[in-house]
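Everything below belongs to upload-v9.tsv, which stores TSV, C-alpha atoms and all ligand atoms.
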```tsv
chain	number	residue	atom	x	y	z
B	18	MET	CA	-28.10	7.11	-24.46
B	19	ALA	CA	-28.76	3.44	-25.39
B	20	VAL	CA	-25.74	3.48	-27.69
B	21	ASN	CA	-23.56	4.89	-24.91
B	22	GLN	CA	-24.83	2.22	-22.55
B	23	ASN	CA	-23.97	-0.53	-25.08
B	24	ILE	CA	-20.48	0.88	-25.54
B	25	THR	CA	-19.99	0.94	-21.76
B	26	GLN	CA	-21.19	-2.67	-21.48
B	27	LEU	CA	-18.90	-3.75	-24.31
B	28	LYS	CA	-15.96	-1.99	-22.67
B	29	GLU	CA	-16.74	-3.69	-19.35
B	30	ALA	CA	-17.01	-7.13	-21.01
B	31	ASN	CA	-13.75	-6.52	-22.81
B	32	LYS	CA	-12.03	-5.45	-19.59
B	33	LEU	CA	-13.29	-8.60	-17.88
B	34	LYS	CA	-11.97	-10.76	-20.75
B	35	ILE	CA	-8.54	-9.09	-20.51
B	36	GLU	CA	-8.52	-9.58	-16.73
B	37	GLN	CA	-9.45	-13.27	-17.09
B	38	LYS	CA	-6.67	-13.74	-19.64
B	39	GLU	CA	-4.23	-11.94	-17.35
B	40	ASN	CA	-5.32	-14.11	-14.44
B	41	SER	CA	-4.48	-17.27	-16.40
B	42	ARG	CA	-0.90	-15.97	-16.48
B	43	LEU	CA	-0.92	-15.18	-12.79
B	44	ARG	CA	-0.42	-17.32	-9.69
B	45	TRP	CA	-0.04	-16.53	-5.99
B	46	ILE	CA	1.75	-18.31	-3.22
B	47	ASN	CA	1.33	-16.83	0.25
B	48	LEU	CA	3.99	-17.89	2.73
B	49	ASN	CA	3.24	-15.03	5.13
B	50	SER	CA	0.67	-16.94	7.15
B	51	ALA	CA	3.43	-19.38	8.08
B	52	ILE	CA	5.47	-16.67	9.85
B	53	ALA	CA	5.51	-17.61	13.52
B	54	SER	CA	4.60	-14.56	15.58
B	55	VAL	CA	6.56	-15.88	18.58
B	56	ASP	CA	9.79	-16.06	16.57
B	57	GLU	CA	8.95	-12.75	15.02
B	58	SER	CA	8.96	-10.90	18.29
B	59	ALA	CA	11.91	-12.77	19.85
B	60	ASP	CA	14.53	-10.69	18.00
B	61	LEU	CA	12.53	-7.54	18.66
B	62	ILE	CA	12.65	-8.09	22.41
B	63	GLN	CA	16.27	-9.18	22.28
B	64	GLY	CA	17.23	-6.02	20.36
B	65	LEU	CA	15.45	-3.72	22.80
B	66	ASN	CA	16.93	-5.53	25.80
B	67	GLN	CA	20.54	-5.23	24.71
B	68	THR	CA	22.94	-2.29	25.00
B	69	PRO	CA	23.14	-0.49	22.64
B	70	LYS	CA	19.51	-1.07	21.66
B	71	SER	CA	18.50	-2.11	18.16
B	72	LEU	CA	15.39	-2.97	16.13
B	73	PRO	CA	15.11	-5.40	13.20
B	74	CYS	CA	14.91	-3.21	10.08
B	75	ARG	CA	12.08	-5.30	8.60
B	76	TYR	CA	9.70	-3.27	10.82
B	77	PHE	CA	10.25	-0.29	8.52
B	78	TYR	CA	8.09	-1.87	5.87
B	79	ASP	CA	4.44	-1.55	6.74
B	80	ASP	CA	2.33	0.10	3.99
B	81	ARG	CA	3.33	3.62	5.09
B	82	GLY	CA	6.99	2.60	5.38
B	83	SER	CA	6.98	1.05	1.89
B	84	GLU	CA	5.43	4.25	0.54
B	85	LEU	CA	8.10	6.38	2.26
B	86	PHE	CA	10.82	4.10	0.91
B	87	GLU	CA	9.48	4.63	-2.64
B	88	GLN	CA	9.74	8.40	-1.98
B	89	ILE	CA	13.32	7.99	-0.70
B	90	CYS	CA	14.24	6.31	-4.00
B	91	ASP	CA	13.31	9.52	-5.84
B	92	LEU	CA	15.19	11.92	-3.54
B	93	PRO	CA	18.03	13.93	-5.12
B	94	GLU	CA	20.42	12.91	-2.30
B	95	TYR	CA	19.55	9.19	-2.49
B	96	TYR	CA	21.74	8.20	-5.46
B	97	PRO	CA	21.55	4.33	-5.20
B	98	THR	CA	18.22	3.81	-6.99
B	99	ARG	CA	18.84	6.02	-9.99
B	100	THR	CA	22.47	4.88	-10.28
B	101	GLU	CA	21.53	1.20	-10.31
B	102	GLN	CA	18.72	2.00	-12.72
B	103	ALA	CA	21.20	3.70	-15.08
B	104	ILE	CA	23.50	0.64	-14.95
B	105	LEU	CA	20.55	-1.61	-15.82
B	106	GLU	CA	19.51	0.72	-18.64
B	107	ASN	CA	22.98	0.31	-20.14
B	108	TYR	CA	23.55	-3.38	-19.51
B	109	ALA	CA	20.26	-5.28	-19.14
B	110	LEU	CA	20.48	-6.63	-22.68
B	111	GLU	CA	24.10	-7.68	-22.18
B	112	ILE	CA	23.05	-9.53	-19.01
B	113	ALA	CA	20.26	-11.32	-20.89
B	114	GLN	CA	22.64	-12.25	-23.69
B	115	MET	CA	25.18	-13.61	-21.21
B	116	THR	CA	22.72	-15.81	-19.31
B	117	GLY	CA	20.49	-16.80	-22.23
B	118	SER	CA	16.90	-17.85	-21.65
B	119	CYS	CA	16.19	-17.51	-17.93
B	120	HIS	CA	13.43	-17.81	-15.38
B	121	LEU	CA	13.69	-14.61	-13.30
B	122	ILE	CA	13.17	-14.73	-9.55
B	123	GLU	CA	13.48	-11.52	-7.54
B	124	LEU	CA	13.93	-11.21	-3.79
B	125	GLY	CA	12.39	-8.05	-2.29
B	126	SER	CA	10.81	-7.05	-5.59
B	127	GLY	CA	8.70	-4.13	-4.25
B	128	SER	CA	7.40	-2.13	-7.20
B	129	SER	CA	9.78	-4.04	-9.58
B	130	ARG	CA	10.64	-0.68	-11.11
B	131	LYS	CA	14.23	-1.58	-12.06
B	132	THR	CA	13.33	-5.15	-12.96
B	133	ARG	CA	11.20	-3.85	-15.81
B	134	LEU	CA	14.45	-3.14	-17.63
B	135	LEU	CA	15.40	-6.81	-17.28
B	136	LEU	CA	11.92	-7.94	-18.36
B	137	GLU	CA	12.31	-5.73	-21.44
B	138	ALA	CA	15.70	-7.29	-22.23
B	139	TYR	CA	14.62	-10.89	-21.60
B	140	SER	CA	11.50	-10.42	-23.70
B	141	GLN	CA	13.85	-9.69	-26.58
B	142	ILE	CA	15.70	-12.98	-26.19
B	143	ASN	CA	13.06	-15.33	-24.66
B	144	GLN	CA	9.96	-16.62	-26.36
B	145	GLU	CA	8.45	-16.93	-22.93
B	146	LEU	CA	8.90	-14.65	-19.96
B	147	GLN	CA	8.71	-16.15	-16.46
B	148	TYR	CA	8.97	-13.90	-13.41
B	149	TYR	CA	8.61	-14.72	-9.72
B	150	PRO	CA	8.59	-11.55	-7.61
B	151	ILE	CA	9.02	-12.23	-3.88
B	152	ASP	CA	8.11	-9.67	-1.23
B	153	VAL	CA	6.87	-9.61	2.36
B	154	SER	CA	4.19	-7.11	1.38
B	155	ALA	CA	1.37	-8.93	-0.44
B	156	GLY	CA	-0.24	-5.55	-1.23
B	157	ILE	CA	2.63	-4.18	-3.31
B	158	LEU	CA	3.10	-7.61	-4.98
B	159	LYS	CA	-0.49	-7.66	-6.23
B	160	THR	CA	-0.56	-4.11	-7.56
B	161	THR	CA	2.76	-4.60	-9.32
B	162	ALA	CA	1.83	-8.01	-10.74
B	163	LEU	CA	-1.35	-6.73	-12.40
B	164	ASP	CA	0.51	-3.79	-13.84
B	165	LEU	CA	3.31	-5.98	-15.24
B	166	LEU	CA	0.86	-8.46	-16.81
B	167	ARG	CA	-0.79	-5.58	-18.63
B	168	GLN	CA	2.57	-4.29	-19.82
B	169	TYR	CA	4.09	-7.62	-20.96
B	170	PRO	CA	1.72	-9.87	-22.93
B	171	LYS	CA	4.24	-12.76	-22.94
B	172	LEU	CA	4.74	-12.66	-19.18
B	173	LYS	CA	3.76	-15.45	-16.79
B	174	LEU	CA	4.05	-14.36	-13.20
B	175	CYS	CA	3.90	-16.09	-9.86
B	176	GLY	CA	3.89	-13.72	-6.88
B	177	LEU	CA	5.31	-15.13	-3.68
B	178	ALA	CA	4.45	-13.30	-0.46
B	179	GLY	CA	6.95	-14.19	2.23
B	180	THR	CA	10.37	-13.60	3.74
B	181	TYR	CA	13.67	-14.29	1.95
B	182	GLU	CA	14.28	-17.33	4.14
B	183	GLN	CA	10.87	-18.82	3.37
B	184	ALA	CA	11.21	-18.12	-0.34
B	185	LEU	CA	14.77	-19.42	-0.68
B	186	ALA	CA	13.77	-22.64	1.06
B	187	GLN	CA	11.19	-23.33	-1.64
B	188	LEU	CA	12.21	-21.71	-4.89
B	189	PRO	CA	10.19	-22.91	-7.87
B	190	PRO	CA	11.93	-25.28	-10.31
B	191	ALA	CA	13.23	-23.71	-13.54
B	192	GLU	CA	10.50	-23.59	-16.17
B	193	LEU	CA	12.97	-22.18	-18.65
B	194	GLN	CA	16.54	-23.37	-19.23
B	195	ASN	CA	17.98	-21.75	-16.11
B	196	ARG	CA	17.00	-19.54	-13.20
B	197	MET	CA	18.46	-16.19	-12.22
B	198	LEU	CA	17.97	-14.94	-8.69
B	199	ILE	CA	17.86	-11.13	-8.61
B	200	PHE	CA	18.72	-9.15	-5.48
B	201	LEU	CA	18.92	-5.43	-6.25
B	202	GLY	CA	19.03	-2.13	-4.36
B	203	SER	CA	21.93	-3.07	-2.07
B	204	THR	CA	19.55	-4.75	0.36
B	205	LEU	CA	22.48	-7.10	1.06
B	206	GLY	CA	24.00	-4.11	2.88
B	207	ASN	CA	21.20	-4.20	5.46
B	208	LEU	CA	22.51	-7.55	6.71
B	209	ASN	CA	25.44	-7.76	9.10
B	210	GLN	CA	28.37	-10.05	8.26
B	211	GLU	CA	26.82	-13.05	9.99
B	212	GLN	CA	23.37	-12.55	8.46
B	213	CYS	CA	25.01	-11.95	5.08
B	214	ASN	CA	26.90	-15.27	5.26
B	215	LYS	CA	23.73	-17.08	6.27
B	216	PHE	CA	21.81	-15.46	3.41
B	217	LEU	CA	24.50	-16.31	0.82
B	218	THR	CA	24.57	-19.91	2.05
B	219	GLN	CA	20.80	-20.06	1.48
B	220	VAL	CA	21.22	-18.61	-2.02
B	221	GLN	CA	23.99	-21.14	-2.72
B	222	GLN	CA	21.72	-24.00	-1.59
B	223	ALA	CA	18.75	-22.68	-3.56
B	224	LEU	CA	20.54	-22.50	-6.92
B	225	LYS	CA	21.95	-25.34	-9.01
B	226	PRO	CA	25.43	-25.20	-10.55
B	227	GLY	CA	25.27	-23.11	-13.72
B	228	GLU	CA	22.40	-20.90	-12.51
B	229	PHE	CA	22.77	-17.15	-12.01
B	230	PHE	CA	22.67	-14.60	-9.21
B	231	LEU	CA	22.39	-10.89	-10.10
B	232	LEU	CA	23.39	-8.70	-7.19
B	233	GLY	CA	23.24	-4.89	-6.89
B	234	VAL	CA	25.42	-3.31	-4.19
B	235	ASP	CA	26.25	0.18	-2.98
B	236	LEU	CA	30.00	0.91	-3.04
B	237	GLN	CA	32.37	2.88	-0.82
B	238	LYS	CA	32.55	6.60	-1.64
B	239	PRO	CA	33.23	9.95	0.08
B	240	ILE	CA	31.50	10.13	3.45
B	241	GLU	CA	29.67	13.43	2.71
B	242	ILE	CA	27.81	11.77	-0.18
B	243	LEU	CA	26.91	8.76	1.95
B	244	GLU	CA	25.71	10.80	4.92
B	245	ALA	CA	23.67	13.18	2.73
B	246	ALA	CA	21.83	10.20	1.23
B	247	TYR	CA	20.50	9.27	4.70
B	248	ASN	CA	19.91	12.85	5.92
B	249	ASP	CA	17.89	14.30	3.07
B	250	SER	CA	16.83	17.93	3.15
B	251	GLN	CA	13.10	17.12	2.83
B	252	GLY	CA	13.13	14.90	5.92
B	253	VAL	CA	11.69	11.85	4.14
B	254	THR	CA	14.37	9.52	5.57
B	255	ALA	CA	13.68	10.91	9.05
B	256	ALA	CA	9.96	10.18	8.58
B	257	PHE	CA	10.81	6.67	7.32
B	258	ASN	CA	13.00	6.06	10.37
B	259	LEU	CA	10.40	7.36	12.87
B	260	ASN	CA	7.64	5.37	11.15
B	261	ILE	CA	9.16	2.20	12.60
B	262	LEU	CA	7.85	3.28	16.05
B	263	ARG	CA	4.40	4.06	14.65
B	264	HIS	CA	4.40	0.59	13.07
B	265	LEU	CA	5.38	-1.03	16.39
B	266	ASN	CA	2.65	0.94	18.19
B	267	GLN	CA	0.08	-0.40	15.78
B	268	ARG	CA	1.40	-3.96	15.61
B	269	PHE	CA	2.21	-4.58	19.26
B	270	GLN	CA	-0.14	-2.09	20.95
B	271	SER	CA	2.82	-0.10	22.20
B	272	ASN	CA	2.91	3.56	23.25
B	273	PHE	CA	6.15	5.02	21.84
B	274	VAL	CA	5.67	8.81	21.65
B	275	ILE	CA	7.03	9.47	18.18
B	276	ASP	CA	7.96	13.11	18.65
B	277	GLN	CA	10.06	12.24	21.69
B	278	PHE	CA	12.57	10.57	19.35
B	279	ALA	CA	14.82	12.09	16.66
B	280	HIS	CA	16.34	10.69	13.48
B	281	LEU	CA	20.10	10.19	13.43
B	282	ALA	CA	22.16	8.81	10.53
B	283	PHE	CA	25.95	8.73	10.25
B	284	TYR	CA	28.78	6.79	8.67
B	285	ASN	CA	30.58	4.37	11.00
B	286	ARG	CA	34.19	4.35	9.71
B	287	VAL	CA	35.18	1.27	11.69
B	288	GLU	CA	32.40	-0.92	10.33
B	289	ASN	CA	32.26	0.76	6.89
B	290	GLN	CA	28.55	1.26	7.19
B	291	ILE	CA	25.85	3.88	7.43
B	292	GLU	CA	23.88	3.51	10.64
B	293	MET	CA	20.41	4.87	11.28
B	294	HIS	CA	19.35	5.39	14.88
B	295	LEU	CA	16.47	6.93	16.81
B	296	ARG	CA	17.64	9.13	19.67
B	297	SER	CA	15.44	9.41	22.73
B	298	LEU	CA	14.95	13.12	23.49
B	299	LYS	CA	14.18	12.47	27.16
B	300	THR	CA	14.19	9.78	29.82
B	301	GLN	CA	11.12	7.71	29.05
B	302	THR	CA	9.50	4.27	29.11
B	303	ALA	CA	7.39	2.52	26.47
B	304	VAL	CA	5.18	-0.52	26.93
B	305	LEU	CA	4.58	-3.09	24.17
B	306	GLU	CA	1.33	-4.45	25.50
B	307	ALA	CA	0.92	-7.33	23.07
B	308	LEU	CA	4.33	-8.65	24.09
B	309	ASP	CA	3.98	-7.85	27.77
B	310	PHE	CA	7.28	-6.01	27.54
B	311	GLU	CA	8.54	-2.65	28.80
B	312	VAL	CA	11.55	-0.70	27.59
B	313	SER	CA	13.19	2.35	29.19
B	314	PHE	CA	15.43	5.00	27.62
B	315	GLN	CA	17.89	7.47	29.08
B	316	ALA	CA	17.78	10.96	27.56
B	317	GLY	CA	20.11	10.83	24.51
B	318	GLU	CA	20.17	7.02	24.32
B	319	THR	CA	19.73	5.60	20.82
B	320	ILE	CA	18.12	2.56	19.18
B	321	ARG	CA	19.91	1.41	16.04
B	322	THR	CA	17.23	0.79	13.42
B	323	GLU	CA	19.37	-0.06	10.37
B	324	ILE	CA	22.86	-0.68	9.08
B	325	SER	CA	23.61	-0.10	5.42
B	326	ARG	CA	26.98	-1.59	4.59
B	327	LYS	CA	28.96	-0.15	1.69
B	328	PHE	CA	31.06	-2.62	-0.28
B	329	TYR	CA	34.50	-2.97	-1.89
B	330	ILE	CA	34.12	-5.07	-5.02
B	331	PRO	CA	37.26	-7.27	-4.54
B	332	THR	CA	36.24	-8.14	-0.96
B	333	LEU	CA	32.70	-8.92	-2.05
B	334	ILE	CA	33.92	-11.12	-4.91
B	335	SER	CA	35.92	-13.24	-2.49
B	336	VAL	CA	32.93	-13.53	-0.11
B	337	LEU	CA	30.86	-14.71	-3.08
B	338	GLU	CA	33.57	-17.20	-4.07
B	339	ASN	CA	33.37	-18.67	-0.57
B	340	HIS	CA	29.71	-19.36	-1.34
B	341	ALA	CA	30.39	-21.08	-4.68
B	342	PHE	CA	29.62	-18.01	-6.82
B	343	GLN	CA	31.93	-16.78	-9.54
B	344	ALA	CA	31.48	-13.16	-10.58
B	345	LEU	CA	31.26	-13.33	-14.39
B	346	GLN	CA	31.00	-9.59	-14.85
B	347	VAL	CA	30.84	-6.45	-12.74
B	348	TRP	CA	29.26	-3.29	-14.10
B	349	THR	CA	29.40	0.12	-12.42
B	350	ASP	CA	28.40	3.68	-13.22
B	351	PRO	CA	31.13	6.11	-14.38
B	352	GLN	CA	31.80	7.28	-10.78
B	353	ALA	CA	31.84	3.68	-9.47
B	354	TRP	CA	29.22	4.52	-6.85
B	355	PHE	CA	27.15	1.39	-7.38
B	356	GLY	CA	27.99	-2.11	-8.60
B	357	LEU	CA	25.97	-4.77	-10.40
B	358	LEU	CA	27.49	-8.26	-10.29
B	359	LEU	CA	26.41	-11.15	-12.48
B	360	CYS	CA	27.50	-14.32	-10.70
B	361	GLN	CA	27.21	-17.96	-11.65
B	362	ARG	CA	26.80	-20.84	-9.25
B	363	GLN	CA	29.88	-23.10	-9.47
B	364	CYS	CA	30.13	-26.85	-8.89
B	365	ILE	CA	31.56	-27.69	-5.52
B	366	ASN	CA	32.58	-30.99	-3.90
B	367	ASN	CA	30.91	-33.81	-5.82
B	368	GLU	CA	27.99	-31.84	-7.17
B	369	CYS	CA	28.90	-32.23	-10.83
B	370	PRO	CA	30.08	-35.36	-12.63
S	1	LIG	C1	16.56	-1.01	1.39
S	1	LIG	N1	17.88	-0.50	1.72
S	1	LIG	C2	18.89	-1.01	0.79
S	1	LIG	C3	17.94	0.95	1.91
S	1	LIG	C4	19.39	1.40	2.24
S	1	LIG	O1	19.86	2.34	1.61
S	1	LIG	O2	20.04	0.76	3.08
S	1	LIG	C5	17.00	1.39	3.02
S	1	LIG	C6	17.10	2.84	3.35
S	1	LIG	N2	17.24	3.32	4.54
S	1	LIG	C7	17.29	4.64	4.51
S	1	LIG	N3	17.22	5.01	3.24
S	1	LIG	C8	17.09	3.91	2.51
```
The structure given in the file should be rewritten as structure tokens.
Amino acid sequence: MAVNQNITQLKEANKLKIEQKENSRLRWINLNSAIASVDESADLIQGLNQTPKSLPCRYFYDDRGSELFEQICDLPEYYPTRTEQAILENYALEIAQMTGSCHLIELGSGSSRKTRLLLEAYSQINQELQYYPIDVSAGILKTTALDLLRQYPKLKLCGLAGTYEQALAQLPPAELQNRMLIFLGSTLGNLNQEQCNKFLTQVQQALKPGEFFLLGVDLQKPIEILEAAYNDSQGVTAAFNLNILRHLNQRFQSNFVIDQFAHLAFYNRVENQIEMHLRSLKTQTAVLEALDFEVSFQAGETIRTEISRKFYIPTLISVLENHAFQALQVWTDPQAWFGLLLCQRQCINNECP
């Protein structure tokens, strides 16, 4: 009994030591508190006031929404995650060899599941491993950070909780030779053309000439494959879509009746994008008490909750060029369903001597 107790104490002390050591490699920056709630709700109200109605897709990602999104990534119909993962499995080392020693910064890191392949590759070429995951959800950042520190003894990690805009405005200086900004999962596709240009301008301003931008994007393909990916047979995407209303109810004390709305996802051939909507099953009104705002729906009327643009590589390359990025290499899977672009920030105007 006494021996067992000693062993338990030793194990506890050891665990504490490991945690302290891990903590010395870990830093946090929380930008979330700086999010202005007035600004936050302005686009929500604007979207619900306009015709057709829309909601900012960031409201998908409360804890339940993030969990559902992780489940979506494993669905047989949702090919983007596993396809991008396969590309990274094949080419992560090539990417690391092309960029050389690099400080990795990831926007929208989530569970960092694909980034682990890059960490693996960079740990082969870097003495030191520096990783800044950035995510709006502080919860997922913390869990992932502790897990990564355990897995990679060379890793130094600084978790940044905040939005892309906040993070891009204050990226950390390079502690290694260069920085590489990582933006995977085709999240770029969730921005419309105008938001996309604004985002790329911010990325351009955040990086110095010579630094790298690794971008994962979903490509054009037959419509049946695209539509199946957003209408899965298990109904997880439908649950993810409807969860946005549950999140609003909780956040803004609103009274959307979830089962009076239905999931709708289709490919818009004019805009080259998947659109997710929620269709009102009856004429109804919801009140968002915290915002002192009321919204009414006709039976059959929809709210657009997300766009997911699908890209053509040549068009995307020229958009990137307009933002001072040269695509050094493009990798795809054998079916060319998904693309991974390694871009380098070019000198423009009088930036370089
Ligand atoms: C995060 N984003 C790239 C996903 C997409 O495919 O547009 C979100 C998603 N929506 C429904 N399924 C997945």
Mind running chain B against ligand LIG 1 (chain S) at 10 Å and telling me each contacting residue's nearest atom pair with the distance in Å (one decimal), counting only C-alpha atoms and all ligand atoms, chain and number ascending, as a Markdown table?
```
| residue | atom | partner | partner_atom | distance |
| --- | --- | --- | --- | --- |
| B:Cys74 | CA | S:LIG1 | C5 | 8.7 |
| B:Arg75 | CA | S:LIG1 | C1 | 9.5 |
| B:Phe77 | CA | S:LIG1 | N2 | 8.8 |
| B:Tyr78 | CA | S:LIG1 | C1 | 9.6 |
| B:Ser83 | CA | S:LIG1 | C1 | 9.8 |
| B:Leu85 | CA | S:LIG1 | N3 | 9.3 |
| B:Phe86 | CA | S:LIG1 | C8 | 6.5 |
| B:Glu87 | CA | S:LIG1 | C8 | 9.2 |
| B:Gln88 | CA | S:LIG1 | C8 | 9.7 |
| B:Ile89 | CA | S:LIG1 | N3 | 6.3 |
| B:Cys90 | CA | S:LIG1 | C8 | 7.5 |
| B:Leu92 | CA | S:LIG1 | N3 | 9.9 |
| B:Tyr95 | CA | S:LIG1 | N3 | 7.5 |
| B:Tyr96 | CA | S:LIG1 | O1 | 9.4 |
| B:Pro97 | CA | S:LIG1 | O1 | 7.3 |
| B:Thr98 | CA | S:LIG1 | O1 | 8.9 |
| B:Gly125 | CA | S:LIG1 | C1 | 9.0 |
| B:Leu201 | CA | S:LIG1 | C2 | 8.3 |
| B:Gly202 | CA | S:LIG1 | C2 | 5.3 |
| B:Ser203 | CA | S:LIG1 | C2 | 4.7 |
| B:Thr204 | CA | S:LIG1 | C2 | 3.8 |
| B:Leu205 | CA | S:LIG1 | C2 | 7.1 |
| B:Gly206 | CA | S:LIG1 | O2 | 6.3 |
| B:Asn207 | CA | S:LIG1 | O2 | 5.6 |
| B:Leu208 | CA | S:LIG1 | O2 | 9.4 |
| B:Gly233 | CA | S:LIG1 | C2 | 9.6 |
| B:Val234 | CA | S:LIG1 | C2 | 8.5 |
| B:Asp235 | CA | S:LIG1 | O1 | 8.2 |
| B:Leu243 | CA | S:LIG1 | O1 | 9.5 |
| B:Ala246 | CA | S:LIG1 | N3 | 7.2 |
| B:Tyr247 | CA | S:LIG1 | N3 | 5.6 |
| B:Asn248 | CA | S:LIG1 | N3 | 8.7 |
| B:Asp249 | CA | S:LIG1 | N3 | 9.3 |
| B:Val253 | CA | S:LIG1 | N3 | 8.8 |
| B:Thr254 | CA | S:LIG1 | C7 | 5.8 |
| B:Ala255 | CA | S:LIG1 | C7 | 8.5 |
| B:Phe257 | CA | S:LIG1 | C7 | 7.3 |
| B:Asn258 | CA | S:LIG1 | C7 | 7.4 |
| B:Ala282 | CA | S:LIG1 | C7 | 8.8 |
| B:Gln290 | CA | S:LIG1 | O2 | 9.5 |
| B:Ile291 | CA | S:LIG1 | O2 | 7.9 |
| B:Glu292 | CA | S:LIG1 | O2 | 8.9 |
| B:Met293 | CA | S:LIG1 | C7 | 7.5 |
| B:Thr322 | CA | S:LIG1 | N2 | 9.2 |
| B:Glu323 | CA | S:LIG1 | N2 | 7.1 |
| B:Ile324 | CA | S:LIG1 | O2 | 6.8 |
| B:Ser325 | CA | S:LIG1 | O2 | 4.4 |
| B:Arg326 | CA | S:LIG1 | O2 | 7.5 |
| B:Lys327 | CA | S:LIG1 | O2 | 9.1 |
```
Those same residues, written as a PDB file, in the frame of the given file with C-alpha atoms?
```pdb
ATOM      1  CA  CYS B  74      14.910  -3.210  10.080  1.00  0.00           C
ATOM      2  CA  ARG B  75      12.080  -5.300   8.600  1.00  0.00           C
ATOM      3  CA  PHE B  77      10.250  -0.290   8.520  1.00  0.00           C
ATOM      4  CA  TYR B  78       8.090  -1.870   5.870  1.00  0.00           C
ATOM      5  CA  SER B  83       6.980   1.050   1.890  1.00  0.00           C
ATOM      6  CA  LEU B  85       8.100   6.380   2.260  1.00  0.00           C
ATOM      7  CA  PHE B  86      10.820   4.100   0.910  1.00  0.00           C
ATOM      8  CA  GLU B  87       9.480   4.630  -2.640  1.00  0.00           C
ATOM      9  CA  GLN B  88       9.740   8.400  -1.980  1.00  0.00           C
ATOM     10  CA  ILE B  89      13.320   7.990  -0.700  1.00  0.00           C
ATOM     11  CA  CYS B  90      14.240   6.310  -4.000  1.00  0.00           C
ATOM     12  CA  LEU B  92      15.190  11.920  -3.540  1.00  0.00           C
ATOM     13  CA  TYR B  95      19.550   9.190  -2.490  1.00  0.00           C
ATOM     14  CA  TYR B  96      21.740   8.200  -5.460  1.00  0.00           C
ATOM     15  CA  PRO B  97      21.550   4.330  -5.200  1.00  0.00           C
ATOM     16  CA  THR B  98      18.220   3.810  -6.990  1.00  0.00           C
ATOM     17  CA  GLY B 125      12.390  -8.050  -2.290  1.00  0.00           C
ATOM     18  CA  LEU B 201      18.920  -5.430  -6.250  1.00  0.00           C
ATOM     19  CA  GLY B 202      19.030  -2.130  -4.360  1.00  0.00           C
ATOM     20  CA  SER B 203      21.930  -3.070  -2.070  1.00  0.00           C
ATOM     21  CA  THR B 204      19.550  -4.750   0.360  1.00  0.00           C
ATOM     22  CA  LEU B 205      22.480  -7.100   1.060  1.00  0.00           C
ATOM     23  CA  GLY B 206      24.000  -4.110   2.880  1.00  0.00           C
ATOM     24  CA  ASN B 207      21.200  -4.200   5.460  1.00  0.00           C
ATOM     25  CA  LEU B 208      22.510  -7.550   6.710  1.00  0.00           C
ATOM     26  CA  GLY B 233      23.240  -4.890  -6.890  1.00  0.00           C
ATOM     27  CA  VAL B 234      25.420  -3.310  -4.190  1.00  0.00           C
ATOM     28  CA  ASP B 235      26.250   0.180  -2.980  1.00  0.00           C
ATOM     29  CA  LEU B 243      26.910   8.760   1.950  1.00  0.00           C
ATOM     30  CA  ALA B 246      21.830  10.200   1.230  1.00  0.00           C
ATOM     31  CA  TYR B 247      20.500   9.270   4.700  1.00  0.00           C
ATOM     32  CA  ASN B 248      19.910  12.850   5.920  1.00  0.00           C
ATOM     33  CA  ASP B 249      17.890  14.300   3.070  1.00  0.00           C
ATOM     34  CA  VAL B 253      11.690  11.850   4.140  1.00  0.00           C
ATOM     35  CA  THR B 254      14.370   9.520   5.570  1.00  0.00           C
ATOM     36  CA  ALA B 255      13.680  10.910   9.050  1.00  0.00           C
ATOM     37  CA  PHE B 257      10.810   6.670   7.320  1.00  0.00           C
ATOM     38  CA  ASN B 258      13.000   6.060  10.370  1.00  0.00           C
ATOM     39  CA  ALA B 282      22.160   8.810  10.530  1.00  0.00           C
ATOM     40  CA  GLN B 290      28.550   1.260   7.190  1.00  0.00           C
ATOM     41  CA  ILE B 291      25.850   3.880   7.430  1.00  0.00           C
ATOM     42  CA  GLU B 292      23.880   3.510  10.640  1.00  0.00           C
ATOM     43  CA  MET B 293      20.410   4.870  11.280  1.00  0.00           C
ATOM     44  CA  THR B 322      17.230   0.790  13.420  1.00  0.00           C
ATOM     45  CA  GLU B 323      19.370  -0.060  10.370  1.00  0.00           C
ATOM     46  CA  ILE B 324      22.860  -0.680   9.080  1.00  0.00           C
ATOM     47  CA  SER B 325      23.610  -0.100   5.420  1.00  0.00           C
ATOM     48  CA  ARG B 326      26.980  -1.590   4.590  1.00  0.00           C
ATOM     49  CA  LYS B 327      28.960  -0.150   1.690  1.00  0.00           C
TER      50      LYS B 327
END
```
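Excluding Leu61 in chain B itself and any same-chain residue fewer than 2 positions from it, the protein and nucleic acid residues within 12 Å of it, counting all atoms listed in the file, are Ser54, Val55, Asp56, Glu57, Ser58, Ala59, Gln63, Gly64, Leu65, Asn66, Gln67, Lys70, Ser71, Leu72, Pro73, Cys74, Arg75, Tyr76, Ile261, Leu265, Phe269, Leu305, Leu308, Phe310, Glu311, Val312, Ile320, Arg321 and Thr322 of chain B.
Distance-wise, CA of Arg263 in chain B and CA of Leu281 in chain B end up 16.9 Å apart.
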Quiz item: When distances are computed from only C-alpha atoms, which of B:Thr116, B:Gln219, B:Asn195, B:Glu84 shows the smallest separation from Ala256 in chain B?
Solution: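 Residue with the minimum atom-to-atom distance to Ala256 in chain B: B:Glu84.
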Quiz prompt | Distance query Glu137 in chain B at most 12 Å, only C-alpha atoms, self and fewer than 5 positions along chain excluded, as a ChimeraX atom specification | solution = /B:105-106,108-113,130-132,142-143,145-146,148,165,168-172
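CA of Gln363 in chain B lies 9.2 Å from CA of Gln221 in chain B.
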Practice problem: Between B:Asn107, B:Gln277, B:Gln346, B:Thr100, single out the one closest to Ala316 in chain B, counting only C-alpha atoms. | Solution: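 Nearest candidate to Ala316 in chain B out of B:Asn107, B:Gln277, B:Gln346, B:Thr100: B:Gln277.
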